[in-house]
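Engineer: Take a look at work24.cif, mmCIF, C-alpha atoms:
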```
data_entry
#
loop_
_atom_site.label_atom_id
_atom_site.label_comp_id
_atom_site.auth_asym_id
_atom_site.auth_seq_id
_atom_site.Cartn_x
_atom_site.Cartn_y
_atom_site.Cartn_z
CA MET S 249 2.71 -21.83 6.37
CA ALA S 250 4.08 -20.42 9.60
CA ARG S 251 1.94 -17.95 11.44
CA PRO S 252 3.01 -14.43 10.51
CA ALA S 253 4.54 -12.29 13.23
CA GLU S 254 2.25 -9.49 14.38
CA SER S 255 4.76 -6.77 13.53
CA ARG S 256 5.16 -7.82 9.93
CA GLY S 257 1.76 -7.32 8.31
CA THR S 258 1.45 -7.21 4.56
CA ILE S 259 1.83 -4.70 1.72
CA ALA S 260 -0.39 -4.41 -1.33
CA ALA S 261 1.24 -5.58 -4.55
CA ALA S 262 0.01 -2.36 -6.17
CA PHE S 263 3.10 -0.77 -4.63
CA VAL S 264 5.27 -3.56 -6.03
CA ARG S 265 3.90 -2.98 -9.50
CA GLN S 266 4.52 0.77 -9.25
CA ALA S 267 8.13 0.06 -8.27
CA LEU S 268 8.56 -2.27 -11.24
CA GLN S 269 7.04 0.28 -13.58
CA ALA S 270 9.70 2.73 -12.40
CA VAL S 271 12.36 0.23 -13.52
CA ALA S 272 10.67 -0.22 -16.89
CA ARG S 273 10.53 3.58 -17.42
CA ARG S 274 14.33 3.58 -17.16
CA GLY S 275 14.50 1.02 -19.99
CA LEU S 276 15.55 -1.87 -17.73
CA ASP S 277 13.95 -5.29 -17.41
CA PRO S 278 11.85 -5.48 -14.18
CA ALA S 279 12.60 -9.22 -14.08
CA LEU S 280 16.12 -8.32 -12.90
CA ALA S 281 14.73 -6.65 -9.78
CA LEU S 282 12.19 -9.43 -9.20
CA GLU S 283 14.90 -12.07 -9.40
CA LYS S 284 17.14 -10.22 -6.95
CA ALA S 285 14.23 -9.91 -4.50
CA GLY S 286 13.11 -13.53 -4.95
CA LEU S 287 9.63 -12.53 -6.16
CA ALA S 288 7.53 -14.59 -8.57
CA ALA S 289 6.14 -12.43 -11.37
CA ASP S 290 3.00 -14.54 -11.86
CA LEU S 291 1.78 -13.88 -8.32
CA LEU S 292 2.05 -10.15 -9.01
CA ALA S 293 0.05 -10.22 -12.23
CA ASP S 294 -2.82 -8.77 -10.21
CA ASP S 295 -1.93 -5.72 -8.13
CA ARG S 296 -4.36 -6.83 -5.42
CA THR S 297 -2.06 -9.58 -4.14
CA ARG S 298 -0.06 -8.86 -0.94
CA VAL S 299 3.57 -9.35 0.06
CA GLY S 300 5.54 -9.05 3.29
CA PRO S 301 7.63 -5.96 4.14
CA GLU S 302 10.87 -7.96 3.98
CA VAL S 303 10.05 -8.92 0.40
CA PHE S 304 9.21 -5.37 -0.63
CA GLY S 305 12.25 -4.11 1.25
CA SER S 306 14.46 -6.48 -0.75
CA LEU S 307 12.85 -5.27 -3.97
CA TRP S 308 13.42 -1.65 -2.94
CA LEU S 309 17.12 -2.34 -2.36
CA SER S 310 17.40 -4.24 -5.64
CA ILE S 311 15.85 -1.39 -7.61
CA ALA S 312 17.97 1.19 -5.79
CA GLU S 313 21.07 -0.77 -6.81
CA LEU S 314 19.93 -1.11 -10.42
CA LEU S 315 19.05 2.57 -10.79
CA ASP S 316 21.46 4.06 -8.23
CA ASP S 317 18.35 5.80 -6.95
CA GLU S 318 16.65 5.17 -3.59
CA LEU S 319 13.44 6.87 -4.79
CA PHE S 320 12.75 4.48 -7.68
CA GLY S 321 13.72 7.03 -10.32
CA LEU S 322 10.59 9.05 -9.50
CA ASP S 323 12.35 12.42 -9.41
CA SER S 324 14.30 14.00 -12.25
CA ARG S 325 17.23 14.28 -9.83
CA PRO S 326 18.26 10.78 -8.63
CA MET S 327 18.35 10.13 -4.89
CA ARG S 328 21.68 8.29 -5.00
CA VAL S 329 22.30 5.18 -2.94
CA GLY S 330 23.45 6.32 0.50
CA SER S 331 21.16 9.36 0.57
CA PHE S 332 18.81 7.85 3.15
CA ALA S 333 21.71 6.95 5.44
CA THR S 334 23.00 10.52 5.15
CA LEU S 335 19.51 11.85 5.94
CA CYS S 336 19.31 9.55 8.96
CA HIS S 337 22.66 10.69 10.41
CA LEU S 338 21.92 14.37 9.72
CA MET S 339 18.59 14.20 11.60
CA LEU S 340 20.05 12.00 14.34
CA HIS S 341 22.29 14.69 15.85
CA THR S 342 19.50 17.05 16.86
CA PRO S 343 17.85 17.75 20.23
CA ASP S 344 14.22 17.33 19.19
CA LEU S 345 11.86 16.46 16.36
CA ARG S 346 11.38 20.09 15.34
CA THR S 347 15.09 20.54 14.65
CA ALA S 348 15.33 17.13 13.00
CA LEU S 349 12.51 17.97 10.58
CA VAL S 350 14.05 21.32 9.65
CA ARG S 351 17.38 19.65 8.89
CA GLY S 352 15.75 16.74 7.08
CA ALA S 353 13.57 18.94 4.89
CA ARG S 354 16.60 21.03 3.93
CA LEU S 355 18.53 17.96 2.77
CA VAL S 356 15.58 16.40 0.93
CA ASN S 357 15.07 19.66 -0.93
CA LEU S 358 18.72 19.60 -2.01
CA LEU S 359 18.45 15.98 -3.13
CA LEU S 360 15.19 16.26 -5.10
CA ALA S 361 14.03 18.59 -7.85
CA ASP S 362 10.39 17.73 -8.62
CA THR S 363 9.01 17.49 -5.06
CA GLN S 364 9.94 19.87 -2.26
CA VAL S 365 9.17 19.39 1.44
CA GLU S 366 7.71 22.38 3.26
CA LEU S 367 7.03 22.54 7.01
CA ASP S 368 4.28 24.21 9.04
CA LEU S 369 5.65 24.29 12.59
CA GLU S 370 3.62 27.06 14.22
CA GLY S 371 0.27 26.78 15.98
CA PRO S 372 -1.43 23.77 17.61
CA GLU S 373 -1.05 21.61 14.50
CA ALA S 374 2.15 20.91 12.60
CA ALA S 375 2.36 19.61 9.05
CA LEU S 376 4.61 18.39 6.27
CA ARG S 377 3.70 19.46 2.74
CA PHE S 378 4.92 17.89 -0.49
CA VAL S 379 4.86 20.62 -3.12
CA GLU S 380 5.27 19.81 -6.81
CA GLN S 381 7.64 22.10 -8.70
CA GLY S 382 6.10 21.47 -12.11
CA PRO S 383 3.87 19.14 -14.13
CA ARG S 384 4.83 15.48 -14.39
CA ALA S 385 3.17 12.10 -14.96
CA ARG S 386 0.43 11.45 -12.42
CA GLU S 387 1.59 7.90 -11.66
CA ALA S 388 5.10 9.13 -10.84
CA GLN S 389 3.73 11.88 -8.58
CA VAL S 390 1.48 9.48 -6.66
CA PHE S 391 4.19 6.89 -6.02
CA ALA S 392 6.74 9.59 -5.20
CA HIS S 393 4.47 11.09 -2.53
CA GLU S 394 3.64 7.64 -1.11
CA THR S 395 7.29 6.63 -0.99
CA LEU S 396 8.54 9.90 0.44
CA PHE S 397 5.92 9.81 3.20
CA VAL S 398 6.75 6.23 4.21
CA MET S 399 10.45 7.07 4.23
CA LEU S 400 10.19 10.29 6.26
CA HIS S 401 7.45 9.12 8.62
CA GLY S 402 9.30 5.90 9.36
CA LEU S 403 12.49 7.82 10.06
CA VAL S 404 10.99 10.42 12.39
CA CYS S 405 9.07 7.78 14.35
CA TRP S 406 12.30 5.87 14.84
CA LEU S 407 14.19 9.00 15.88
CA VAL S 408 11.81 9.70 18.79
CA ARG S 409 11.06 6.01 19.42
CA ARG S 410 7.30 6.36 19.11
CA ARG S 411 4.81 6.69 16.32
CA ILE S 412 3.85 10.19 15.25
CA VAL S 413 0.11 9.99 14.66
CA ILE S 414 -1.13 11.67 11.49
CA HIS S 415 -4.39 13.40 12.36
CA GLU S 416 -5.33 14.35 8.82
CA ALA S 417 -3.84 13.87 5.37
CA ASP S 418 -4.53 15.64 2.07
CA PHE S 419 -3.36 14.37 -1.32
CA SER S 420 -2.92 16.45 -4.46
CA TYR S 421 -4.34 13.73 -6.71
CA PRO S 422 -7.53 11.67 -7.08
CA PRO S 423 -7.88 8.56 -4.89
CA PRO S 424 -5.87 5.68 -6.41
CA ALA S 425 -7.38 2.22 -6.80
CA TRP S 426 -5.49 1.14 -3.66
CA GLN S 427 -6.70 4.05 -1.51
CA ASP S 428 -7.84 1.67 1.27
CA GLU S 429 -4.16 0.95 1.91
CA TYR S 430 -3.79 4.56 3.02
CA LEU S 431 -5.94 3.77 6.07
CA LEU S 432 -3.20 1.41 7.26
CA ILE S 433 -0.20 3.47 6.15
CA VAL S 434 -1.35 7.02 6.95
CA GLY S 435 -4.53 7.08 9.02
CA GLU S 436 -8.29 7.31 8.75
CA THR S 437 -8.87 10.99 7.91
CA LEU S 438 -7.97 11.32 4.23
CA HIS S 439 -8.82 13.90 1.57
CA PHE S 440 -7.98 13.68 -2.12
CA GLU S 441 -7.74 16.20 -4.97
CA ARG S 442 -6.46 18.92 -2.65
CA PRO S 443 -4.05 21.71 -3.72
CA VAL S 444 -1.02 20.02 -2.08
CA THR S 445 -0.19 16.78 -0.33
CA ARG S 446 -0.13 17.52 3.40
CA PHE S 447 0.26 15.46 6.58
CA ALA S 448 -0.91 17.10 9.82
CA PHE S 449 0.06 16.04 13.33
CA SER S 450 0.10 17.51 16.83
CA ALA S 451 2.54 20.37 17.28
CA ALA S 452 3.28 18.94 20.75
CA ASP S 453 5.16 16.13 18.97
CA LEU S 454 7.73 18.67 17.79
CA ASP S 455 9.18 18.80 21.30
CA ALA S 456 9.75 15.03 21.42
CA PRO S 457 13.47 14.43 22.06
CA VAL S 458 15.57 12.55 19.55
CA VAL S 459 16.65 9.49 21.53
CA GLN S 460 18.53 7.36 19.01
CA THR S 461 22.32 7.03 18.88
CA GLU S 462 25.00 6.25 16.33
CA ALA S 463 24.96 2.62 17.51
CA SER S 464 21.19 2.26 17.12
CA ALA S 465 21.40 4.06 13.76
CA ARG S 466 23.76 1.39 12.44
CA GLU S 467 21.25 -1.28 13.43
CA PHE S 468 18.35 0.70 11.98
CA LEU S 469 20.08 1.20 8.65
CA ARG S 470 21.01 -2.49 8.44
CA GLY S 471 17.28 -3.29 8.61
CA ALA S 472 16.14 -0.53 6.24
CA PRO S 473 13.94 -0.21 4.33
CA HIS S 474 11.67 -3.04 5.49
CA ASN S 475 11.77 -1.84 9.11
CA PHE S 476 10.01 1.43 8.25
CA LEU S 477 7.61 0.17 5.58
CA LEU S 478 4.79 -0.42 8.06
CA LYS S 479 3.53 1.71 10.91
CA TYR S 480 5.99 2.19 13.74
CA LYS S 481 5.19 -0.33 16.44
CA ASP S 482 5.61 0.79 20.06
CA PRO S 483 5.58 -2.30 22.31
CA GLN S 484 4.35 -0.12 25.17
CA SER S 485 1.36 1.26 23.25
CA VAL S 486 -2.25 0.33 23.91
CA ALA S 487 -2.67 -0.66 20.26
CA HIS S 488 0.20 -3.13 20.63
CA ARG S 489 -1.51 -4.70 23.65
CA VAL S 490 -4.73 -5.00 21.65
CA ARG S 491 -2.89 -6.65 18.74
CA ARG S 492 -1.19 -9.07 21.11
CA LEU S 493 -4.54 -10.03 22.65
CA LEU S 494 -6.05 -10.60 19.20
CA ARG S 495 -3.03 -12.65 18.15
CA GLU S 496 -3.30 -14.88 21.21
CA THR S 497 -7.07 -15.39 21.00
CA PRO S 498 -9.09 -17.25 18.32
CA PRO S 499 -11.31 -14.82 16.38
CA GLU S 500 -14.51 -16.45 17.58
CA GLN S 501 -13.44 -15.65 21.16
CA TRP S 502 -12.50 -12.01 20.63
CA PRO S 503 -14.14 -9.83 23.30
CA ASP S 504 -16.52 -6.99 22.60
CA PHE S 505 -15.19 -3.53 23.29
CA ASP S 506 -16.38 -3.27 26.90
CA GLU S 507 -14.89 -6.68 27.69
CA LEU S 508 -11.67 -5.63 25.97
CA ALA S 509 -11.49 -2.51 28.15
CA TRP S 510 -12.03 -4.64 31.26
CA GLN S 511 -9.25 -7.04 30.25
CA LEU S 512 -6.87 -4.12 29.66
CA ARG S 513 -7.99 -2.50 32.94
CA ARG S 514 -9.12 0.69 31.29
CA HIS S 515 -12.41 2.56 31.09
CA PRO S 516 -13.98 2.09 27.62
CA THR S 517 -13.91 5.85 26.96
CA THR S 518 -10.25 6.06 27.96
CA LEU S 519 -9.36 3.04 25.84
CA ARG S 520 -11.14 4.44 22.79
CA ARG S 521 -9.40 7.80 23.19
CA ARG S 522 -5.95 6.20 23.60
CA LEU S 523 -6.43 4.09 20.49
CA GLU S 524 -7.50 7.18 18.55
CA GLU S 525 -4.40 9.04 19.79
CA GLU S 526 -2.29 6.17 18.46
CA GLY S 527 -4.06 6.32 15.09
CA SER S 528 -5.99 3.11 15.59
CA SER S 529 -9.29 1.63 16.76
CA TYR S 530 -10.55 -1.78 17.82
CA ARG S 531 -12.30 -2.12 14.45
CA ILE S 532 -9.07 -1.41 12.54
CA GLU S 533 -7.06 -3.86 14.64
CA LYS S 534 -9.63 -6.66 14.26
CA SER S 535 -9.90 -6.11 10.53
CA ALA S 536 -6.11 -6.13 10.08
CA ARG S 537 -5.76 -9.33 12.11
CA ARG S 538 -8.57 -11.06 10.18
CA ARG S 539 -6.97 -9.99 6.91
CA ASP S 540 -3.57 -11.42 7.83
CA LEU S 541 -5.12 -14.66 9.09
CA ALA S 542 -7.22 -14.96 5.93
CA LEU S 543 -4.13 -14.63 3.73
CA GLU S 544 -2.39 -17.28 5.84
CA TYR S 545 -5.31 -19.72 6.03
CA LEU S 546 -6.11 -19.54 2.31
CA THR S 547 -2.65 -20.85 1.42
CA ASP S 548 -3.40 -24.05 3.36
CA PRO S 549 -4.79 -26.56 0.81
CA LYS S 550 -6.46 -28.50 3.65
CA ARG S 551 -8.78 -25.60 4.44
CA SER S 552 -11.82 -24.80 2.33
CA VAL S 553 -12.98 -21.21 1.92
CA LEU S 554 -15.94 -22.05 4.15
CA ASP S 555 -13.57 -23.36 6.83
CA VAL S 556 -11.56 -20.15 6.64
CA ALA S 557 -14.68 -17.98 6.94
CA GLN S 558 -15.82 -19.90 10.02
CA ALA S 559 -12.36 -19.85 11.61
CA LEU S 560 -12.29 -16.06 11.25
CA GLY S 561 -15.63 -15.69 13.00
CA PHE S 562 -17.81 -14.77 10.01
CA ALA S 563 -21.40 -15.88 10.48
CA GLU S 564 -21.98 -16.11 6.73
CA PRO S 565 -19.57 -17.00 3.89
CA SER S 566 -20.92 -14.04 1.91
CA ALA S 567 -19.75 -11.66 4.65
CA PHE S 568 -16.26 -13.15 4.42
CA HIS S 569 -16.25 -12.79 0.62
CA ARG S 570 -17.23 -9.10 0.92
CA ALA S 571 -14.57 -8.44 3.55
CA PHE S 572 -11.88 -10.23 1.55
CA ARG S 573 -12.70 -8.20 -1.55
CA GLN S 574 -12.36 -5.03 0.52
CA TRP S 575 -8.97 -6.20 1.81
CA THR S 576 -7.50 -7.45 -1.46
CA GLY S 577 -9.78 -6.50 -4.35
CA MET S 578 -10.38 -10.14 -5.28
CA SER S 579 -12.42 -13.11 -4.10
CA PRO S 580 -10.90 -15.82 -1.87
CA GLY S 581 -11.11 -18.25 -4.80
CA GLU S 582 -9.24 -15.89 -7.11
CA TYR S 583 -6.56 -15.40 -4.49
CA ARG S 584 -6.09 -19.16 -4.10
CA LYS S 585 -5.80 -19.63 -7.84
CA LYS S 586 -3.08 -17.01 -8.03
CA ALA S 587 -1.26 -18.84 -5.24
CA GLY S 588 -1.48 -22.06 -7.30
CA LEU S 589 -4.16 -23.69 -5.11
CA LYS S 590 -7.57 -25.04 -5.93
CA GLY S 591 -10.57 -22.95 -4.85
#
```
Please go through the file and, once you have read it, give me the structure as structure tokens.

Structural biologist:
Amino acid sequence: MARPAESRGTIAAAFVRQALQAVARRGLDPALALEKAGLAADLLADDRTRVGPEVFGSLWLSIAELLDDELFGLDSRPMRVGSFATLCHLMLHTPDLRTALVRGARLVNLLLADTQVELDLEGPEAALRFVEQGPRAREAQVFAHETLFVMLHGLVCWLVRRRIVIHEADFSYPPPAWQDEYLLIVGETLHFERPVTRFAFSAADLDAPVVQTEASAREFLRGAPHNFLLKYKDPQSVAHRVRRLLRETPPEQWPDFDELAWQLRRHPTTLRRRLEEEGSSYRIEKSARRRDLALEYLTDPKRSVLDVAQALGFAEPSAFHRAFRQWTGMSPGEYRKKAGLKG
């Protein structure tokens, strides 16, 4: 298998299964969407498998076409195909993020009935709130909030051409089985079973100018939705430089933090603070890179699980097994079996 590009990452199949359940709730056969997206159903039998953003993006488009709904049929008022493009163009022609959010929230609230977007734009911290308008199935609420956040966050990051770091996030439901994925999608400070779902970020970001154009919007929309499924990647960010260093260096040769700071010509305290400002840390970046390499290496029938553990820099196979279970919810052997390989 070819080495995955750093910007691609992976997405938990729990999200795939939620999307397929949305199709089934509409009385349609999920196999239709799987076939259109080129996904094998047997690999998704366990929601702890992972897929690439291009694959999930294709599934999203397939389901949107089947349902004529870009929000997977999660709201009682369908978000018709073309709604996201309209949202993009409406927010595009604004001077700054504050104005873009006000316009975007207004349109989303016209499009949807069950979830409304409210904004807190005063004070040192700004926030988006997803407020439920009435009782509905918990699984639909969870996936609706996840999907709406990914959609809106991806769009606003693109508009200002940098990632808006979420300092703290509250969710109006108990932690789902895939809550660890939220660390990668949202950030590290998470709270569940709160009154409303809320995403807080620095109010200083509201003054960020909208820098995209009609021409760049056409390119952005051609690549949607897979181009906003993962965190916005700024090639000038410190986190990007760290990821590039990890990608170009074997895991057993990764530097400790002080050595990393020296290589990047930054003081360790400054480096740590910059990574935190970008919603990351050296630990998060190393774990994400090991996870992606593990998924790649385990599909190579010439590598044993022990070989993979050693290649990733784990001193003991048991440590690798624990880490892999944290990443995927299954053992390396179980993952290989699902991929049609021997353990």

Engineer: Which residue is closest to Ile311 in chain S? Choose from S:Pro278, S:Pro503, S:Pro473, S:Gly382 and count all atoms listed in the file.

Structural biologist: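 Of all the options, S:Pro278 lies closest to Ile311 in chain S.
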
Engineer: As a list of chain:residue names, please: the residues near Pro326 in chain S (cut-off 12 Å, all atoms listed in the file, same-chain neighbours under 4 positions excluded).

Structural biologist: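 Skipping anything fewer than 4 positions along the chain leaves S:Arg274, S:Ala312, S:Leu315, S:Asp316, S:Asp317, S:Glu318, S:Leu319, S:Phe320, S:Gly321, S:Leu322, S:Gly330, S:Ser331, S:Val356, S:Leu358, S:Leu359, S:Leu360, S:Ala361, S:Asp362, S:Thr363.
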
Engineer: Just the number, please: distance in Å from CA of Pro580 in chain S to CA of Asp290 in chain S, one decimal.

Structural biologist: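 Between these atoms lies a distance of 17.2 Å.
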
Engineer: Suppose a student applies the PyMOL selection byres ((chain S and resi 421) around 12) to this structure; what residues should they get, written as a PyMOL selection string?

Structural biologist: chain S and resi 378+380+385-394+418-420+422-425+427+438-446

Engineer: Please determine, counting only C-alpha atoms, which residue among S:Gln558, S:Thr518, S:Ser450, S:Gln381 has the shortest atom-to-atom distance to Leu345 in chain S.

Structural biologist: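 The shortest atom-to-atom distance to Leu345 in chain S comes from S:Ser450.
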
Engineer: Please list as a PDB file with C-alpha atoms, in the frame of the given file every residue within 8 Å of Val459 in chain S, counting all atoms listed in the file and excluding residues in the same chain fewer than 5 positions away.

Structural biologist:
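Listed below is the output, selection32.pdb:
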```pdb
ATOM      1  CA  LEU S 407      14.190   9.000  15.880  1.00  0.00           C
ATOM      2  CA  VAL S 408      11.810   9.700  18.790  1.00  0.00           C
ATOM      3  CA  ARG S 409      11.060   6.010  19.420  1.00  0.00           C
TER       4      ARG S 409
END
```

Engineer: Where does the PyMOL selection byres ((chain S and resi 436) around 10) land in this file, that is, which residues does it pick, as JSON, numbers by chain?

Structural biologist: {"S": [414, 415, 416, 417, 428, 430, 431, 432, 433, 434, 435, 437, 438, 439, 524, 527, 528, 529, 532]}

Engineer: For range 469-520 of chain S versus range 559-575 of chain S, which residues have an atom no more than 9 Å away, and what is each residue's nearest atom pair and distance in Å rounded to one decimal, using all atoms listed in the file, chain-then-number order, as a tab-separated table?

Structural biologist:
```
residue	atom	partner	partner_atom	distance
S:Pro498	CA	S:Leu560	CA	7.9
S:Pro499	CA	S:Leu560	CA	5.4
S:Glu500	CA	S:Gly561	CA	4.8
S:Gln501	CA	S:Gly561	CA	8.4
```

Engineer: Would you mind reading off the distance between CA of Glu582 in chain S and CA of Gln266 in chain S, one decimal, in Å?

Structural biologist: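 Here the two named atoms are 21.7 Å from each other.
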
Engineer: Enter the distance from CA of Leu494 in chain S to CA of Ala260 in chain S, in Å, rounded to one decimal.

Structural biologist: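 Rounded to one decimal, the two atoms are 22.2 Å apart.
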
Engineer: My list of candidates is S:Leu340, S:Val398, S:Leu546, S:Leu309. Which is closest to Ala465 in chain S when distances are computed with only C-alpha atoms?

Structural biologist: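 Of all the options, S:Leu340 lies closest to Ala465 in chain S.
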
Engineer: Out of S:Ala267, S:Glu525, S:Glu533, S:Ala261, which residue has the shortest atom-to-atom distance to Phe505 in chain S when counting all atoms listed in the file?

Structural biologist: S:Glu533

Engineer: Up to 8 Å from (7.2, 21.2, 0.5) in the file's coordinates: name the residues, counting all atoms listed in the file, as a VMD selection string.

Structural biologist: chain S and resid 363 to 367 376 to 380

Engineer: Please determine, counting only C-alpha atoms, which residue among S:Lys585, S:Arg351, S:His488, S:Arg520 has the shortest atom-to-atom distance to Arg410 in chain S.

Structural biologist: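 Nearest to Arg410 in chain S: S:His488.
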
Engineer: Determine the residue membership of the PyMOL selection byres ((chain S and resi 476) around 9) for the file above and supply it as a list in words.

Structural biologist: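 That selection, the PyMOL selection byres ((chain S and resi 476) around 9), comes back as Pro301, Val398, Met399, His401, Gly402, Leu403, Cys405, Trp406, Gly471, Ala472, Pro473, His474, Asn475, Leu477, Leu478, Lys479 and Tyr480 of chain S.
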
Engineer: Between S:Leu454, S:Arg298, S:His515, S:Ser485, which residue has the minimum interatomic distance to Pro372 in chain S, considering only C-alpha atoms?

Structural biologist: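 Looking at the shortest contact to Pro372 in chain S, the residue is S:Leu454.
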